[in-house]
$ cat input_31.txt   # compact mmCIF, C-alpha atoms and all ligand atoms
# COMPACT_ATOMS: atom_id res chain seq x y z
CA MET A 953 93.92 98.56 91.43
CA THR A 954 95.92 96.34 89.03
CA ALA A 955 96.57 92.68 89.86
CA PRO A 956 99.79 92.20 91.84
CA VAL A 957 102.82 90.84 90.02
CA LEU A 958 103.80 88.98 93.16
CA ALA A 959 101.42 87.83 95.88
CA VAL A 960 102.78 85.99 98.89
CA GLN A 961 100.60 84.58 101.62
CA GLY A 962 101.41 82.86 104.89
CA LEU A 963 104.97 82.18 103.77
CA ARG A 964 107.23 80.08 105.99
CA VAL A 965 110.91 79.94 105.05
CA GLY A 966 113.57 77.77 106.64
CA HIS A 967 116.58 75.62 105.91
CA ALA A 968 116.87 71.84 106.05
CA GLY A 969 118.14 70.68 109.42
CA SER A 970 116.65 73.61 111.36
CA ALA A 971 113.84 72.89 113.78
CA GLN A 972 112.45 76.40 113.50
CA PRO A 973 111.68 78.48 110.39
CA LEU A 974 113.63 81.67 109.76
CA ILE A 975 110.53 83.56 108.63
CA ASP A 976 106.90 82.78 109.33
CA GLY A 977 103.50 84.16 108.39
CA LEU A 978 104.76 86.54 105.69
CA ASP A 979 102.22 88.27 103.46
CA LEU A 980 103.46 90.49 100.64
CA ARG A 981 102.11 92.04 97.42
CA LEU A 982 104.03 93.90 94.76
CA GLN A 983 102.32 95.95 92.07
CA PRO A 984 103.79 96.51 88.57
CA GLY A 985 106.43 99.24 88.59
CA GLU A 986 106.61 99.38 92.37
CA ILE A 987 109.98 99.36 94.13
CA VAL A 988 109.90 97.85 97.60
CA ALA A 989 112.95 97.85 99.86
CA LEU A 990 113.28 95.10 102.45
CA LEU A 991 115.34 96.11 105.47
CA GLY A 992 116.26 93.84 108.33
CA ALA A 993 118.97 92.86 110.77
CA SER A 994 121.78 90.63 109.56
CA GLY A 995 120.77 86.98 109.64
CA CYS A 996 117.00 87.48 109.85
CA GLY A 997 116.56 85.63 106.54
CA LYS A 998 116.36 88.30 103.82
CA SER A 999 118.57 86.45 101.33
CA SER A 1000 116.86 83.15 102.11
CA LEU A 1001 113.51 84.81 101.41
CA LEU A 1002 114.73 86.19 98.09
CA ARG A 1003 115.92 82.74 96.98
CA VAL A 1004 112.50 81.31 97.80
CA LEU A 1005 110.71 84.14 95.96
CA ALA A 1006 112.98 83.49 92.96
CA GLY A 1007 111.88 79.85 92.97
CA LEU A 1008 115.43 78.64 93.66
CA GLU A 1009 114.32 77.03 96.94
CA ARG A 1010 110.95 75.79 98.15
CA PRO A 1011 109.15 77.41 101.09
CA TRP A 1012 108.21 75.29 104.10
CA ALA A 1013 104.63 76.54 103.80
CA GLY A 1014 102.52 79.26 102.24
CA GLU A 1015 101.80 80.44 98.76
CA ILE A 1016 103.75 82.43 96.16
CA ARG A 1017 101.90 83.59 93.04
CA TYR A 1018 103.29 85.41 90.02
CA GLN A 1019 100.45 87.14 88.19
CA GLY A 1020 98.05 84.77 89.89
CA GLU A 1021 99.94 81.59 88.94
CA PRO A 1022 101.59 79.49 91.69
CA LEU A 1023 105.39 79.57 91.54
CA VAL A 1024 106.75 76.03 91.22
CA ARG A 1025 110.19 76.62 89.67
CA PRO A 1026 112.39 79.62 88.82
CA HIS A 1027 110.16 81.94 86.83
CA PRO A 1028 111.43 82.84 83.34
CA ARG A 1029 110.37 86.44 83.88
CA ALA A 1030 112.00 86.96 87.26
CA GLY A 1031 115.26 88.89 87.05
CA LEU A 1032 117.94 88.45 89.70
CA LEU A 1033 120.65 90.84 90.82
CA PHE A 1034 123.18 90.01 93.52
CA GLN A 1035 125.99 91.85 95.32
CA ARG A 1036 128.50 90.21 92.97
CA PRO A 1037 127.80 90.62 89.26
CA GLY A 1038 128.50 86.92 88.58
CA LEU A 1039 129.58 87.50 84.97
CA LEU A 1040 131.10 84.63 83.03
CA PRO A 1041 134.73 85.68 82.52
CA TRP A 1042 135.14 83.95 79.15
CA LEU A 1043 132.18 85.80 77.56
CA HIS A 1044 132.19 89.45 76.50
CA CYS A 1045 129.55 91.82 77.88
CA ALA A 1046 127.01 91.29 75.10
CA ALA A 1047 127.26 87.51 75.43
CA ASN A 1048 126.91 87.77 79.20
CA VAL A 1049 123.77 89.89 78.81
CA GLY A 1050 122.32 87.44 76.29
CA PHE A 1051 123.34 84.37 78.29
CA GLY A 1052 120.31 82.23 79.06
CA LEU A 1053 117.90 84.14 76.81
CA GLY A 1054 117.68 81.11 74.55
CA PHE A 1055 117.29 78.58 77.38
CA LYS A 1056 114.34 76.23 77.68
CA ARG A 1057 111.39 77.88 79.48
CA GLN A 1058 112.50 81.35 78.36
CA PRO A 1059 110.01 83.01 76.00
CA ALA A 1060 110.85 81.80 72.46
CA LEU A 1061 112.95 84.46 70.72
CA THR A 1062 114.69 84.36 67.37
CA ARG A 1063 118.41 85.04 67.25
CA ALA A 1064 117.71 88.51 65.82
CA GLU A 1065 115.23 89.26 68.63
CA ARG A 1066 117.81 88.18 71.20
CA GLN A 1067 120.38 90.49 69.63
CA VAL A 1068 117.92 93.41 69.78
CA ARG A 1069 117.19 92.69 73.45
CA VAL A 1070 120.90 92.60 74.29
CA ALA A 1071 121.69 95.81 72.38
CA ARG A 1072 118.76 97.60 74.00
CA ALA A 1073 119.69 96.44 77.50
CA LEU A 1074 123.32 97.51 77.05
CA ALA A 1075 122.15 100.91 75.74
CA HIS A 1076 119.87 101.32 78.77
CA VAL A 1077 122.82 100.93 81.13
CA GLY A 1078 125.09 103.10 78.95
CA LEU A 1079 127.44 100.30 77.89
CA THR A 1080 126.91 100.05 74.14
CA ASP A 1081 130.58 100.82 73.54
CA ALA A 1082 131.69 98.11 75.97
CA ALA A 1083 129.67 95.32 74.32
CA HIS A 1084 132.81 93.42 73.29
CA ARG A 1085 134.86 93.96 76.41
CA PHE A 1086 135.45 91.06 78.79
CA PRO A 1087 134.57 91.16 82.51
CA ALA A 1088 138.25 91.49 83.51
CA GLN A 1089 138.35 94.76 81.53
CA LEU A 1090 135.47 96.34 83.50
CA SER A 1091 135.32 98.41 86.70
CA GLY A 1092 133.12 97.10 89.52
CA GLY A 1093 130.40 99.61 88.63
CA MET A 1094 130.49 98.66 84.94
CA ALA A 1095 130.31 94.96 85.81
CA GLN A 1096 127.25 95.59 87.95
CA ARG A 1097 125.67 97.57 85.09
CA VAL A 1098 126.21 94.53 82.85
CA ALA A 1099 124.52 92.36 85.50
CA LEU A 1100 121.61 94.82 85.56
CA ALA A 1101 121.42 94.70 81.74
CA ARG A 1102 121.41 90.88 81.90
CA ALA A 1103 118.48 90.95 84.33
CA LEU A 1104 116.54 93.55 82.31
CA ALA A 1105 117.13 91.81 78.97
CA ARG A 1106 114.68 89.16 80.19
CA GLU A 1107 112.07 91.93 80.37
CA PRO A 1108 111.27 90.72 83.89
CA LEU A 1109 107.91 91.19 85.54
CA LEU A 1110 109.73 91.09 88.82
CA LEU A 1111 113.29 92.04 89.70
CA LEU A 1112 114.70 90.53 92.89
CA ALA A 1113 117.86 92.29 94.06
CA ASP A 1114 119.99 91.24 97.03
CA GLU A 1115 122.19 94.12 98.22
CA PRO A 1116 123.14 94.80 94.59
CA PHE A 1117 125.17 97.96 95.22
CA SER A 1118 126.74 97.34 98.63
CA ALA A 1119 130.18 96.53 97.16
CA LEU A 1120 130.34 99.77 95.15
CA ASP A 1121 131.85 103.13 96.14
CA ALA A 1122 129.42 105.82 97.31
CA ILE A 1123 129.31 107.79 94.05
CA THR A 1124 128.87 104.73 91.82
CA ARG A 1125 126.25 103.43 94.24
CA GLU A 1126 124.23 106.65 93.93
CA GLU A 1127 124.47 106.49 90.14
CA MET A 1128 123.35 102.87 90.11
CA GLN A 1129 120.42 103.62 92.43
CA ALA A 1130 119.23 106.40 90.11
CA LEU A 1131 119.73 104.18 87.05
CA LEU A 1132 117.84 101.27 88.57
CA ARG A 1133 114.97 103.49 89.67
CA ARG A 1134 114.70 105.09 86.23
CA LEU A 1135 114.84 101.77 84.34
CA VAL A 1136 112.42 99.77 86.46
CA HIS A 1137 109.89 102.59 86.54
CA ALA A 1138 110.18 103.03 82.75
CA SER A 1139 109.67 99.30 82.15
CA ASN A 1140 107.00 98.97 84.88
CA THR A 1141 109.00 96.18 86.54
CA ALA A 1142 108.06 95.35 90.12
CA THR A 1143 111.25 95.33 92.20
CA LEU A 1144 112.08 93.91 95.60
CA ILE A 1145 115.45 95.05 96.86
CA VAL A 1146 117.12 93.73 99.99
CA THR A 1147 119.41 96.27 101.60
CA HIS A 1148 121.05 97.08 104.95
CA ASP A 1149 121.21 100.72 104.04
CA VAL A 1150 118.35 102.98 105.15
CA ASP A 1151 119.55 105.79 102.86
CA GLU A 1152 119.51 103.41 99.91
CA ALA A 1153 115.99 102.31 100.82
CA LEU A 1154 114.90 105.95 101.00
CA ALA A 1155 116.60 106.84 97.71
CA LEU A 1156 115.19 103.90 95.81
CA ALA A 1157 111.99 102.58 97.19
CA ASP A 1158 108.35 103.53 96.88
CA ARG A 1159 107.65 101.45 99.97
CA ILE A 1160 109.96 100.23 102.75
CA LEU A 1161 109.37 97.08 104.79
CA LEU A 1162 111.15 96.01 107.94
CA LEU A 1163 111.67 92.27 108.42
CA GLY A 1164 112.72 91.13 111.86
CA ARG A 1165 112.16 88.86 114.79
CA PRO A 1166 109.57 90.06 117.29
CA SER A 1167 111.62 88.28 119.99
CA LEU A 1168 114.99 86.50 120.05
CA THR A 1169 113.38 83.07 119.89
CA ALA A 1170 110.68 83.79 117.30
CA PRO A 1171 110.97 83.55 113.50
CA ALA A 1172 111.11 86.82 111.56
CA ARG A 1173 108.02 88.50 110.14
CA LEU A 1174 107.16 91.90 108.73
CA LEU A 1175 107.41 94.28 111.67
CA GLN A 1176 106.69 97.61 110.05
CA ALA A 1177 106.00 99.27 106.71
CA TRP A 1178 106.56 102.82 105.48
CA GLY A 1179 105.49 104.56 102.33
CA PRO A 1180 105.51 106.72 100.38
CA LYS A 1181 109.14 107.60 101.09
CA ALA A 1182 110.12 110.88 102.72
CA PRO A 1183 113.49 112.06 104.10
CA ALA A 1184 111.82 112.62 107.49
CA LEU A 1185 111.39 108.85 107.73
CA ARG A 1186 115.15 108.26 108.11
CA GLU A 1187 115.25 108.55 111.92
CA PRO A 1188 112.09 106.50 112.64
CA ILE A 1189 113.27 103.77 110.26
CA LEU A 1190 116.75 103.70 111.83
CA GLN A 1191 115.19 103.44 115.29
CA ALA A 1192 112.95 100.57 114.21
CA LEU A 1193 115.92 98.81 112.57
CA ARG A 1194 118.03 99.22 115.73
CA ALA A 1195 115.18 97.86 117.84
CA ALA A 1196 114.92 94.84 115.51
CA THR A 1197 118.67 94.14 115.61
CA PRO A 1198 119.85 91.69 118.27
CA SER A 1199 122.18 93.32 120.80
CA THR A 1200 125.91 93.14 120.13
CA ALA A 1201 126.57 92.93 123.89
CA GLY A 1202 127.62 89.30 123.57
CA LEU A 1203 130.34 89.95 120.98
CA PRO A 1204 133.99 89.57 122.06
CA ALA A 1205 135.64 92.96 122.73
CA THR A 1206 138.01 92.63 119.73
CA ALA A 1207 135.02 92.48 117.39
CA LEU A 1208 133.84 95.84 118.64
CA THR A 1209 137.08 97.77 118.27
N1 LIG B 1301 121.70 77.06 102.64
C1 LIG B 1301 121.59 77.24 103.96
N2 LIG B 1301 121.49 76.19 104.78
C2 LIG B 1301 121.35 76.34 106.12
N3 LIG B 1301 121.32 77.56 106.73
C3 LIG B 1301 121.43 78.65 105.95
C4 LIG B 1301 121.58 78.55 104.53
N4 LIG B 1301 121.65 79.81 104.02
C5 LIG B 1301 121.56 80.65 105.08
N5 LIG B 1301 121.43 79.96 106.23
C6 LIG B 1301 121.27 80.53 107.59
O1 LIG B 1301 120.02 81.21 107.60
C7 LIG B 1301 120.14 82.38 108.38
C8 LIG B 1301 119.68 83.58 107.57
O2 LIG B 1301 120.61 83.80 106.51
P1 LIG B 1301 120.30 84.87 105.37
O3 LIG B 1301 121.55 85.00 104.55
O4 LIG B 1301 119.04 84.54 104.69
O5 LIG B 1301 120.08 86.19 106.25
P2 LIG B 1301 120.19 87.73 105.84
O6 LIG B 1301 119.11 88.43 106.59
O7 LIG B 1301 120.17 87.87 104.36
O8 LIG B 1301 121.61 88.10 106.41
P3 LIG B 1301 122.66 89.24 105.94
O9 LIG B 1301 121.90 90.53 106.03
O10 LIG B 1301 123.75 89.14 106.95
O11 LIG B 1301 123.08 88.91 104.54
C9 LIG B 1301 121.59 82.49 108.85
O12 LIG B 1301 121.68 81.99 110.16
C10 LIG B 1301 122.32 81.57 107.90
O13 LIG B 1301 123.44 81.01 108.51

$ encode --input "input_31.txt" --output "structure tokens"
Amino acid sequence: MTAPVLAVQGLRVGHAGSAQPLIDGLDLRLQPGEIVALLGASGCGKSSLLRVLAGLERPWAGEIRYQGEPLVRPHPRAGLLFQRPGLLPWLHCAANVGFGLGFKRQPALTRAERQVRVARALAHVGLTDAAHRFPAQLSGGMAQRVALARALAREPLLLLADEPFSALDAITREEMQALLRRLVHASNTATLIVTHDVDEALALADRILLLGRPSLTAPARLLQAWGPKAPALREPILQALRAATPSTAGLPATALT
């Protein structure tokens, strides 16, 4: 078996000012080219976990290693993808994709190498012809493809995606799922994708993990894992997700109508 791209052990994640961690005792390994979907009830700490794995925030305890090396700051070869594309409106698509490639701590690239990376990434997402369009001239799906190109232009070892397609219409979402799966498998990029959507997890992932709290007062941990994916898993996964979702019985009636 190859060495994991990401190895997480005994991870504890929480926010300043909280007495209790959100997540505790998390162990996780991602192999090159593997797509892992992380499902979990709203508020159980999925986005907080992703920020910690990206090196944007420090864990309370535990160890995160990228290719065996401890993570101490945002890793230059970690790509990030969020629900909102986060493009800079004053830069055209090519400049958005290339943004940051020349920053300190990025692998040293000449200007020509950066241009090749940008052109290749735009071609991979089918946006060569839109290279000089500005974000305001793009549809939501195109903007998210630019964000994907920006992440892939870094040739990431690990792609961390937080509900990247949840704001897109159903057809565009399906196209983006297929595109992401094709590109990360072709580039052997390990991918961790946070999603609420069991169908998305089934469409995309090689392995599906359920994060949740074992009881209402306990921090979240990995409750269950499935893999390899199969359509027959939909019902068992939905049941496990429902069981890990705190009851809505306490919500005011208006919120339920
Ligand atoms: N910067 C922060 N400081 C303090 N608390 C935070 C911060 N960010 C998130 N939280 C809290 O941490 C908890 C988990 O939030 P997080 O967004 O990680 O959960 P999630 O599982 O991704 O939720 P959702 O699926 O609804 O997006 C929430 O109660 C949230 O209010």

$ closest_residue --input "input_31.txt" --among "A:Leu1100, A:Ile975, A:Val960, A:Arg1069" --to "Leu1023 (chain A)" --atoms "only C-alpha atoms"
A:Val960

$ axis_aligned_box --input "input_31.txt" --around "ligand LIG 1301 (chain B)" --padding-each-side "5 Å" --output "AutoDock Vina command-line options"
--center_x 121.4 --center_y 83.4 --center_z 106.4 --size_x 14.7 --size_y 24.3 --size_z 17.5

$ residues_around --input "input_31.txt" --residues "region 1032-1040 of chain A" --least-positions-apart "6" --cutoff "8 Å" --atoms "all atoms listed in the file" --output "PyMOL selection string"
chain A and resi 1006+1048+1087+1095-1096+1098-1100+1103+1111-1119

$ atom_distance --input "input_31.txt" --atom1 "CA of Pro1028 (chain A)" --atom2 "CA of Arg1003 (chain A)"
14.4 Å

$ atom_distance --input "input_31.txt" --atom1 "CA of Leu1079 (chain A)" --atom2 "CA of Leu1135 (chain A)"
14.2 Å

$ closest_residue --input "input_31.txt" --among "A:Asp1158, A:Asp1151, A:Glu986, A:Glu1009" --to "ligand LIG 1301 (chain B)" --atoms "only C-alpha atoms and all ligand atoms"
A:Glu1009

$ residues_near_ligand --input "input_31.txt" --ligand "ligand LIG 1301 (chain B)" --cutoff "7 Å" --atoms "all atoms listed in the file" --output "ChimeraX atom specification"
/A:967-968,974,992-1001,1148

$ atom_distance --input "input_31.txt" --atom1 "CA of Ser1091 (chain A)" --atom2 "CA of Val1146 (chain A)"
23.0 Å

$ closest_residue --input "input_31.txt" --among "A:Arg1102, A:Ala1046, A:Arg1097, A:Tyr1018" --to "Leu1120 (chain A)" --atoms "only C-alpha atoms"
A:Arg1097

$ closest_residue --input "input_31.txt" --among "A:Arg1173, A:Arg1017, A:Ala1155, A:Leu963" --to "Glu1126 (chain A)" --atoms "all atoms listed in the file"
A:Ala1155

$ closest_residue --input "input_31.txt" --among "A:Asp976, A:Glu1015, A:Asp1121, A:Glu1065" --to "Gln961 (chain A)" --atoms "only C-alpha atoms"
A:Glu1015

$ residues_near_point --input "input_31.txt" --point "(110.1, 97.8, 109.5)" --cutoff "12 Å" --atoms "only C-alpha atoms" --output "VMD selection string"
chain A and resid 988 to 993 1148 1150 1153 1159 to 1166 1172 to 1179 1185 to 1186 1188 to 1197

$ residues_around --input "input_31.txt" --residues "Leu1008 (chain A)" --least-positions-apart "3" --cutoff "9 Å" --atoms "only C-alpha atoms" --output "list of chain:residue names"
A:Leu1002, A:Arg1003, A:Val1004, A:Leu1005, A:Arg1025, A:Pro1026

$ residues_around --input "input_31.txt" --residues "Trp1012 (chain A)" --least-positions-apart "2" --cutoff "8 Å" --atoms "only C-alpha atoms" --output "ChimeraX atom specification"
/A:963-966,973,1010,1014

$ write_last_selection --input "input_31.txt" --atoms "C-alpha atoms" --output "PDB file, keeping the file's coordinate frame"
ATOM      1  CA  LEU A 963     104.970  82.180 103.770  1.00  0.00           C
ATOM      2  CA  ARG A 964     107.230  80.080 105.990  1.00  0.00           C
ATOM      3  CA  VAL A 965     110.910  79.940 105.050  1.00  0.00           C
ATOM      4  CA  GLY A 966     113.570  77.770 106.640  1.00  0.00           C
ATOM      5  CA  PRO A 973     111.680  78.480 110.390  1.00  0.00           C
ATOM      6  CA  ARG A1010     110.950  75.790  98.150  1.00  0.00           C
ATOM      7  CA  GLY A1014     102.520  79.260 102.240  1.00  0.00           C
TER       8      GLY A1014
END

$ residues_around --input "input_31.txt" --residues "Ala1130 (chain A)" --least-positions-apart "5" --cutoff "12 Å" --atoms "all atoms listed in the file" --output "JSON, numbers by chain"
{"A": [1077, 1117, 1123, 1124, 1125, 1135, 1136, 1137, 1152, 1153, 1154, 1155, 1156, 1157]}
